[in-house]
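Below is one structure, written out as structure tokens, with a few remarks after it.
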Amino acid sequence: MYVFFAPTTVGPDLTEASRTFGTSVSGPAVSALMTEFEINRTTALLSITLYTEGLALGPLLFAPLSEIYGRRWVYVGASTCLLAFSAGAGAARSFTTYLVCRFLSGCLGSVGIAIGGGTLADLWPVGKQRGAALLFFLLMSFLAPCVAPLAGSYTLAAHQGDWRWTQWLMVIVGLPIWLSTILMQETGVVSRRGLKERRRRTFLLRSISFPVRLLCSDMIVLLLTVHTAFAYGVIFSFFLSFKYVLVSEYQFTDQEASLSYISLVLGYVFAIILFILIERVSDEGECPEKQLHGSIAGGVLLLIGEIWYALAAHLGAEWPVMMAAGISVGSGAFILFISAMSYISRVYRADVVSSAIAANGALRYTLGATFPLFTMQMYERLGAGWASGVFAFLSLLLMPIPLLLCKYGGELRRRWPST
């Protein structure tokens, strides 16, 4: 088994960051896209939707490809496609071309999401070191989408509102990471290199379909995926609603409003601290359902944050009070996610874990792609308080899921042979 060269030992984390960075970097450019291409806001938001949907679909293909041809060539090929189509989006002269390039850059560049976890397993031995590396890797899928609108907003301001610079920024961020993939060596042993082509095709088709079948047939995977995917969608709705409320009600500029996403980042940091504390007080020898205690706390924090946000926005509270709700929302969503992934990694066989995570990612990014399409309509028609209240009500409905799994998880695991 091989390892990365020293300069690229953090490759999976940075690769994940660069891919998810692209989900929301074009958010600040929506108004500029509407003006240049003479389109409405919902159509302009397809820039976010199609890229994020590409991240949902790409891993279903790249994960099995890495098992057949090795991780290095998949990294190199996907990173090259990400740069090429990001540059193509920046140079697009029609909105259709722009959307096609955005979708392809998300789909073909989603390699970090597809095989990043497997690469970390190649690099780090089982134990606390791998757990810390995996935790940092998972953080990137939440952290990068929060940093991207901030970077995109200030980049637009520095270039007189030229939306193309959001795509040039993607190229600038992705170029050093592409160079690191060129320098890397293969991290895993490709055990199927000798398979005949027909057997390769069969393996590829089964690997692509298995996450979907697992999501439809395994109750544990389905419940945890729905809960974590909803929480991720709420994060994407906050990208639009925070800006809408701060600009319309508090007269913030676009750049000032984008600073509100820092509250979500603070929430992620708090979630990591809380998760570590919960892990320390849990006895590793006890039942695996103890891993879901973090998900219970996450569901409560997510609900508190949404109620907080709804009341503060409805009553016209001071902007620091309203913005602080993002800390609770961010910490709830992230600890919910990492606890669910920790539980899945513990109770499922090694050959099933990657498919369960791929299924989770597919639905998670699908909701992340669709939530922005209706968030603004909700806030404009219902008002900030009632619109946020809808998300709080849905969180309340989903909150019992980890509680039910703590009670009945053992029985459900005995019913499915994949655990």
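Going through the structure tokens in order, the chains are called A, B, and so on, while each chain numbers its residues from 1 and the ligands are numbered from 1 in the order shown.
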
Item checked: Spatial neighbours of A:Gly106, 12 Å, only C-alpha atoms, chain gap at least 3 places, as a count of residues only -> 45

Check: Leaving out A:Ser339 and any residue of its chain fewer than 3 positions from it, which residues lie within 7 Å of it when counting only C-alpha atoms, given as a ChimeraX atom specification?
Finding: /A:291-292,294-295,335-336,342-343

I need the residues from that last selection saved to file as an mmCIF file, in the first residue's frame (with N, CA and C atoms), if you can.
```
data_model
loop_
_atom_site.group_PDB
_atom_site.id
_atom_site.type_symbol
_atom_site.label_atom_id
_atom_site.label_comp_id
_atom_site.auth_asym_id
_atom_site.auth_seq_id
_atom_site.Cartn_x
_atom_site.Cartn_y
_atom_site.Cartn_z
ATOM 1 N N GLN A 291 -23.607 6.028 19.906
ATOM 2 C CA GLN A 291 -23.061 6.983 18.941
ATOM 3 C C GLN A 291 -24.085 8.032 18.514
ATOM 4 N N LEU A 292 -25.372 7.713 18.715
ATOM 5 C CA LEU A 292 -26.434 8.603 18.261
ATOM 6 C C LEU A 292 -26.796 9.670 19.285
ATOM 7 N N GLY A 294 -25.032 12.153 20.032
ATOM 8 C CA GLY A 294 -24.708 13.415 19.376
ATOM 9 C C GLY A 294 -25.804 13.853 18.420
ATOM 10 N N SER A 295 -26.439 12.887 17.726
ATOM 11 C CA SER A 295 -27.534 13.221 16.816
ATOM 12 C C SER A 295 -28.747 13.764 17.570
ATOM 13 N N ILE A 335 -23.190 18.410 14.035
ATOM 14 C CA ILE A 335 -23.055 17.295 14.968
ATOM 15 C C ILE A 335 -24.051 16.190 14.629
ATOM 16 N N LEU A 336 -25.194 16.562 14.079
ATOM 17 C CA LEU A 336 -26.144 15.556 13.597
ATOM 18 C C LEU A 336 -25.512 14.705 12.504
ATOM 19 N N SER A 342 -20.625 8.473 12.125
ATOM 20 C CA SER A 342 -19.894 7.650 13.085
ATOM 21 C C SER A 342 -20.667 6.379 13.397
ATOM 22 N N TYR A 343 -21.961 6.500 13.538
ATOM 23 C CA TYR A 343 -22.801 5.325 13.818
ATOM 24 C C TYR A 343 -22.806 4.361 12.636
#
```

Next item on the list: For stretch 399-405 of chain A, please output as a ChimeraX atom specification all residues within 10 Å (counting only C-alpha atoms; exclusion window: fewer than 2 positions along the same chain).
Entry: /A:219-220,223-224,226-227,289,291-300,302-303,336,339-340,393-397,407-413

Note to self: Using only C-alpha atoms for the distances, tell me which of A:Leu175, A:Ala310, A:Ala148, A:Ile235 is nearest to A:Ser331.
What the structure shows: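 Distance minimum relative to A:Ser331 lands on A:Ile235.
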
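Every protein or nucleic acid residue with an atom no more than 9 Å from A:Thr43, counting only C-alpha atoms and leaving out same-chain residues fewer than 3 positions away, appears here: Met34, Ile39, Asn40, Leu46, Ser47 and Leu373 of chain A.
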
Pull C-alpha atoms from the residues just selected and write them as an mmCIF file, in the first residue's frame.
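Dumped to result-v4.cif:
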```
data_model
loop_
_atom_site.group_PDB
_atom_site.id
_atom_site.type_symbol
_atom_site.label_atom_id
_atom_site.label_comp_id
_atom_site.auth_asym_id
_atom_site.auth_seq_id
_atom_site.Cartn_x
_atom_site.Cartn_y
_atom_site.Cartn_z
ATOM 1 C CA MET A 34 -30.214 38.093 -13.931
ATOM 2 C CA ILE A 39 -33.594 35.892 -16.587
ATOM 3 C CA ASN A 40 -35.607 35.681 -13.370
ATOM 4 C CA LEU A 46 -30.011 27.041 -11.216
ATOM 5 C CA SER A 47 -26.305 27.887 -11.175
ATOM 6 C CA LEU A 373 -35.081 27.299 -5.381
#
```

Next item on the list: Considering only C-alpha atoms, state which residue in the set A:Val76, A:Met140, A:Ala229, A:Ala384 is at the smallest distance from A:Trp178.
Entry: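 The shortest atom-to-atom distance to A:Trp178 comes from A:Val76.
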
Item checked: Residue neighbourhood stretch 263-270 of chain A, 9 Å, only C-alpha atoms, exclusion window fewer than 4 positions, as JSON, numbers by chain -> {"A": [139, 142, 143, 146, 147, 235, 259, 274, 275, 323, 324, 325, 326, 327, 328, 329, 330, 331, 332, 333, 334, 335]}

Using the selection just defined, write its residues with C-alpha atoms as an mmCIF file, in the first residue's frame.
```
data_model
loop_
_atom_site.group_PDB
_atom_site.id
_atom_site.type_symbol
_atom_site.label_atom_id
_atom_site.label_comp_id
_atom_site.auth_asym_id
_atom_site.auth_seq_id
_atom_site.Cartn_x
_atom_site.Cartn_y
_atom_site.Cartn_z
ATOM 1 C CA LEU A 139 -15.957 19.512 8.246
ATOM 2 C CA PHE A 142 -19.937 22.174 5.655
ATOM 3 C CA LEU A 143 -17.194 24.776 6.017
ATOM 4 C CA CYS A 146 -20.025 28.960 4.138
ATOM 5 C CA VAL A 147 -16.705 30.530 3.134
ATOM 6 C CA ILE A 235 -27.851 25.352 5.830
ATOM 7 C CA LEU A 259 -20.213 38.036 7.035
ATOM 8 C CA LEU A 274 -19.498 18.910 21.816
ATOM 9 C CA PHE A 275 -19.000 15.740 19.770
ATOM 10 C CA MET A 323 -27.287 36.334 13.582
ATOM 11 C CA ALA A 324 -26.376 34.340 16.695
ATOM 12 C CA ALA A 325 -29.108 31.854 15.758
ATOM 13 C CA GLY A 326 -26.735 30.609 13.068
ATOM 14 C CA ILE A 327 -24.409 29.254 15.759
ATOM 15 C CA SER A 328 -27.126 26.932 17.039
ATOM 16 C CA VAL A 329 -28.247 25.947 13.534
ATOM 17 C CA GLY A 330 -24.690 25.264 12.343
ATOM 18 C CA SER A 331 -23.720 23.245 15.411
ATOM 19 C CA GLY A 332 -26.941 21.228 15.288
ATOM 20 C CA ALA A 333 -26.637 20.372 11.599
ATOM 21 C CA PHE A 334 -22.969 19.408 11.807
ATOM 22 C CA ILE A 335 -23.055 17.295 14.968
#
```

With a cut-off of 10 Å, could you pull out the residues of stretch 283-323 of chain A touching stretch 239-249 of chain A and give me the nearest pair of atoms for each, distance in Å to one decimal, using only C-alpha atoms, ordered by chain and ascending number, as CSV?
```
residue,atom,partner,partner_atom,distance
A:Tyr309,CA,A:Phe242,CA,9.6
A:Ala313,CA,A:Val245,CA,7.5
A:Gly316,CA,A:Glu249,CA,8.0
A:Trp319,CA,A:Leu246,CA,7.6
A:Met322,CA,A:Phe242,CA,9.1
A:Met323,CA,A:Phe242,CA,7.9
```

Selected residues written out with C-alpha atoms, as a compact mmCIF listing (two decimals), in the first residue's frame:
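Output below, filename again_14.txt:
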```txt
# COMPACT_ATOMS: atom_id res chain seq x y z
CA TYR A 309 -34.11 32.75 14.07
CA ALA A 313 -36.50 37.94 12.50
CA GLY A 316 -37.14 42.75 14.46
CA TRP A 319 -28.97 41.99 14.15
CA MET A 322 -30.68 37.25 14.99
CA MET A 323 -27.29 36.33 13.58
```

Next item on the list: To one decimal in Å, tell me the separation between atom CA of A:Leu135 and atom CA of A:Ile272.
Entry: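 Atom-to-atom, atom CA of A:Leu135 and atom CA of A:Ile272 are spaced 8.2 Å apart.
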